[in-house]
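Worksheet: one structure, shown below.
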Amino acid sequence: MPWKVAGLKDAKLRRLFGATQLKCRHRRLPYVHCTSEINPQTGAGRLSGIRVVLVSPKYPGNVGSVCRLCDCFEAPDIVLVDSRCDVDDDQVKRLAVDKPDIDSPSLSLGRIREVATLQDALADATSSVAFTRRLGNLRRPYRSVNHLLEENAGLLGERKEGKLALVFGREESGLTTEEVNQCSLACQIPTGNFQPSLNLSHAVGIALAPLFEAATSGHVSTRATPNEAGQKRGLELELATGQDINNLIGRWTQVVSAVGMETQETEGGGAHGKKRKILGHLRAILLRAETTDKEARALHGLCSAILHELLRHPG
C-alpha cells in the first residue's frame, strides 16, 4: 500500500525505503514493497511456483484486479482459458496499475497468457486446485485454503518438477463438473449466508493471501510429498504433469473400450451434476495420489500388456 509518513517529504522517503512511486490522487507517493525477494525482470517471487488460472473470465475489471493481486503476492503467472474479455482493454490496464507514468508497471499483466482449454493451462502443472462451491458427491473438498495447507505439503511452488495451478471459474457460473474433475484437489472458500458468492478477484486474493503468508513465514505441512519422501531415500521422483495424466487416461481408454466398457468419464446431470464413470474415477485417483512420472510409465506398460493379450486372445 502507498505509505504517507507525516513530516517526511517524498524524496526523503525514497532515500529511506528505496521505493518506486505510485500516483495517488494528484501527487506522487512512494510505493513501498513488503518484500525484496522478487526479481521484477524474471518474476522469481515467493509464489513463482504458482499459476493462477481464470476459466472464461467475462469482465476486464476482474482480470486487471487479479493482475494487481498477483503482483502483490509475487505470483506473476496468470493464464486465461477461453477468455470472454480483451486483455488490452483500458480497464484491465487501469486496475492492474499498468500505466506508462508509473515506474513499476504490472509484471503479471506483462506475462499473462491465453489458451483455448483448461487442459492446455494444466499441461505442465504437477498439481492443481479447483476453487468451487458446487462439488456434489464427486469430490471431498477442503474447507478452506488453510485446511488445504494443513493436509498437503509442497503446494507453495517449491517443487522443482512443476507448477501448482489455482483454478477459478466463471463469474456467473463457476467451474463445470468436468473442469473440477481435471484438477488434483478441490477447495472451498467459506462464506456467510448474506452473500455466498464471491467476486472472482476477491476469491483469488483470499486464496493467495494464506499461501503467501505460509511461504514468507516458512510454515508448511510436515506431511511429505512423494518427491520429498523419495529424496530422503536418495531418490529423485518427478511428479507426472497434467499432460502425462491425460496421456495415461487416453491409454486406459483403449483398454476400457477393448473390454466393452463405457469410455466416458462422466454422464448425465448437466454441467454441475454429472455422475462419474470408471475412467473418471481413475483420473481422480491418479490426480489425488500425486502420481510420479515413474508410476505413470509403469501404468502405461500395464496397458500395453493388457492390450497385447487381448489381441492374442480375441473374444
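Please note that chains go A, B, ... in the order of the C-alpha cells, that every chain numbers its residues from 1, and that ligands are numbered from 1 in the order shown.
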
Contacts of Gly242 (chain A) at 6 Å (only C-alpha atoms; same-chain gap of 3+ positions) as a ChimeraX atom specification: /A:122-125,245

Export of prior selection with N, CA and C atoms as a PDB file, in the first residue's frame:
```pdb
ATOM      1  N   LEU A 122      -3.216 -26.619 -17.797  1.00  0.00           N
ATOM      2  CA  LEU A 122      -2.704 -27.536 -16.776  1.00  0.00           C
ATOM      3  C   LEU A 122      -1.655 -28.504 -17.316  1.00  0.00           C
ATOM      4  N   ALA A 123      -1.295 -28.370 -18.581  1.00  0.00           N
ATOM      5  CA  ALA A 123      -0.443 -29.372 -19.229  1.00  0.00           C
ATOM      6  C   ALA A 123       0.871 -29.604 -18.500  1.00  0.00           C
ATOM      7  N   ASP A 124       1.519 -28.547 -18.010  1.00  0.00           N
ATOM      8  CA  ASP A 124       2.808 -28.706 -17.335  1.00  0.00           C
ATOM      9  C   ASP A 124       2.706 -28.572 -15.819  1.00  0.00           C
ATOM     10  N   ALA A 125       1.472 -28.568 -15.296  1.00  0.00           N
ATOM     11  CA  ALA A 125       1.270 -28.470 -13.846  1.00  0.00           C
ATOM     12  C   ALA A 125       1.311 -29.866 -13.226  1.00  0.00           C
ATOM     13  N   ILE A 245      -0.882 -37.242 -17.255  1.00  0.00           N
ATOM     14  CA  ILE A 245      -2.105 -37.908 -16.788  1.00  0.00           C
ATOM     15  C   ILE A 245      -3.099 -38.046 -17.931  1.00  0.00           C
TER      16      ILE A 245
END
```

Residue among A:Glu238, A:Asp89, A:Glu213, A:Asp293 lying closest to Val145 (chain A), counting only C-alpha atoms: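 Residue with the minimum atom-to-atom distance to Val145 (chain A): A:Glu213.
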
Pairwise distance for CA of Leu239 (chain A) and CA of Ala130 (chain A), rounded to one decimal in Å: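 Here the two named atoms are 18.8 Å from each other.
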
Selection near Leu302 (chain A), 12 Å with only C-alpha atoms, sequence-local residues under 4 positions removed, as a compact mmCIF listing (two decimals) with all heavy atoms, in the first residue's frame:
```
# COMPACT_ATOMS: atom_id res chain seq x y z
N LEU A 248 -2.05 -40.86 -20.11
CA LEU A 248 -2.30 -42.15 -19.46
C LEU A 248 -3.78 -42.51 -19.51
O LEU A 248 -4.14 -43.67 -19.78
CB LEU A 248 -1.80 -42.11 -18.01
CG LEU A 248 -1.92 -43.40 -17.21
CD1 LEU A 248 -1.19 -44.55 -17.91
CD2 LEU A 248 -1.37 -43.19 -15.80
N ARG A 251 -4.60 -43.84 -22.82
CA ARG A 251 -4.17 -45.22 -22.99
C ARG A 251 -5.15 -46.19 -22.32
O ARG A 251 -5.50 -47.23 -22.88
CB ARG A 251 -2.78 -45.37 -22.37
CG ARG A 251 -2.09 -46.68 -22.68
CD ARG A 251 -1.76 -46.77 -24.14
NE ARG A 251 -0.83 -47.89 -24.40
CZ ARG A 251 -0.74 -48.52 -25.54
NH1 ARG A 251 -1.52 -48.17 -26.55
NH2 ARG A 251 0.11 -49.51 -25.71
N TRP A 252 -5.59 -45.84 -21.11
CA TRP A 252 -6.55 -46.69 -20.41
C TRP A 252 -7.91 -46.70 -21.10
O TRP A 252 -8.68 -47.65 -20.98
CB TRP A 252 -6.69 -46.26 -18.96
CG TRP A 252 -5.62 -46.87 -18.10
CD1 TRP A 252 -4.48 -46.28 -17.65
CD2 TRP A 252 -5.60 -48.22 -17.60
NE1 TRP A 252 -3.74 -47.17 -16.91
CE2 TRP A 252 -4.40 -48.37 -16.87
CE3 TRP A 252 -6.46 -49.31 -17.72
CZ2 TRP A 252 -4.06 -49.56 -16.24
CZ3 TRP A 252 -6.12 -50.49 -17.10
CH2 TRP A 252 -4.94 -50.62 -16.38
N VAL A 255 -7.96 -49.58 -23.31
CA VAL A 255 -8.18 -50.84 -22.59
C VAL A 255 -9.65 -51.00 -22.24
O VAL A 255 -10.25 -52.07 -22.45
CB VAL A 255 -7.32 -50.89 -21.32
CG1 VAL A 255 -7.66 -52.13 -20.48
CG2 VAL A 255 -5.84 -50.87 -21.67
N GLU A 295 5.69 -43.97 -11.97
CA GLU A 295 4.45 -44.73 -11.81
C GLU A 295 3.59 -44.64 -13.07
O GLU A 295 2.97 -45.63 -13.48
CB GLU A 295 3.68 -44.20 -10.60
CG GLU A 295 4.35 -44.52 -9.27
CD GLU A 295 3.79 -43.72 -8.11
OE1 GLU A 295 3.12 -42.69 -8.35
OE2 GLU A 295 4.01 -44.14 -6.96
N ALA A 296 3.56 -43.46 -13.69
CA ALA A 296 2.79 -43.30 -14.92
C ALA A 296 3.34 -44.20 -16.03
O ALA A 296 2.58 -44.83 -16.76
CB ALA A 296 2.80 -41.83 -15.36
N ARG A 297 4.66 -44.28 -16.13
CA ARG A 297 5.27 -45.15 -17.15
C ARG A 297 4.94 -46.63 -16.88
O ARG A 297 4.70 -47.40 -17.81
CB ARG A 297 6.78 -44.94 -17.20
CG ARG A 297 7.19 -43.58 -17.76
CD ARG A 297 8.66 -43.60 -18.18
NE ARG A 297 9.55 -43.95 -17.09
CZ ARG A 297 10.09 -43.09 -16.25
NH1 ARG A 297 9.82 -41.79 -16.36
NH2 ARG A 297 10.92 -43.50 -15.30
N ALA A 298 4.92 -46.99 -15.59
CA ALA A 298 4.59 -48.37 -15.24
C ALA A 298 3.15 -48.70 -15.64
O ALA A 298 2.86 -49.80 -16.15
CB ALA A 298 4.79 -48.60 -13.75
N ILE A 306 -1.89 -55.56 -21.30
CA ILE A 306 -3.29 -55.97 -21.38
C ILE A 306 -3.77 -55.99 -22.82
O ILE A 306 -4.41 -56.94 -23.29
CB ILE A 306 -4.17 -55.04 -20.51
CG1 ILE A 306 -3.83 -55.23 -19.02
CG2 ILE A 306 -5.65 -55.32 -20.75
CD1 ILE A 306 -4.52 -54.24 -18.11
N LEU A 307 -3.46 -54.90 -23.56
CA LEU A 307 -3.89 -54.82 -24.96
C LEU A 307 -3.24 -55.91 -25.80
O LEU A 307 -3.88 -56.48 -26.70
CB LEU A 307 -3.55 -53.44 -25.52
CG LEU A 307 -4.39 -52.27 -24.97
CD1 LEU A 307 -3.81 -50.94 -25.43
CD2 LEU A 307 -5.84 -52.40 -25.41
N HIS A 308 -2.00 -56.22 -25.50
CA HIS A 308 -1.30 -57.28 -26.24
C HIS A 308 -1.99 -58.63 -26.04
O HIS A 308 -2.20 -59.38 -27.00
CB HIS A 308 0.16 -57.35 -25.78
CG HIS A 308 0.95 -58.43 -26.45
ND1 HIS A 308 1.32 -58.36 -27.78
CD2 HIS A 308 1.41 -59.63 -25.97
CE1 HIS A 308 2.00 -59.45 -28.10
NE2 HIS A 308 2.06 -60.23 -27.02
N GLU A 309 -2.34 -58.92 -24.79
CA GLU A 309 -3.02 -60.18 -24.50
C GLU A 309 -4.41 -60.24 -25.12
O GLU A 309 -4.84 -61.29 -25.58
CB GLU A 309 -3.11 -60.41 -22.98
CG GLU A 309 -1.79 -60.75 -22.34
CD GLU A 309 -1.20 -62.02 -22.93
OE1 GLU A 309 -1.93 -63.05 -23.00
OE2 GLU A 309 -0.02 -62.01 -23.34
```

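Among the candidates A:Ala209, A:Cys72, A:Leu54, A:Leu95, the residue lying nearest to Arg170 (chain A) is A:Leu54 (atoms considered: only C-alpha atoms).
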
Best match for closeness to Thr266 (chain A) among A:Arg143, A:His281, A:Lys163, A:His300, counting only C-alpha atoms: A:His281

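The spacing separating CA of Val63 (chain A) from CA of Val79 (chain A) amounts to 10.3 Å.
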
Length of the CA of Gly174 (chain A) to CA of His147 (chain A) vector [Å]: 21.2 Å

Members of region 266-300 of chain A assigned strand (DSSP E or B) by DSSP, as number ranges by chain: A: 266-267, 275-276, 292

Which of A:Val259, A:Val55, A:Cys183, A:Ala165 sits closest to Pro314 (chain A) [using only C-alpha atoms]: A:Val259
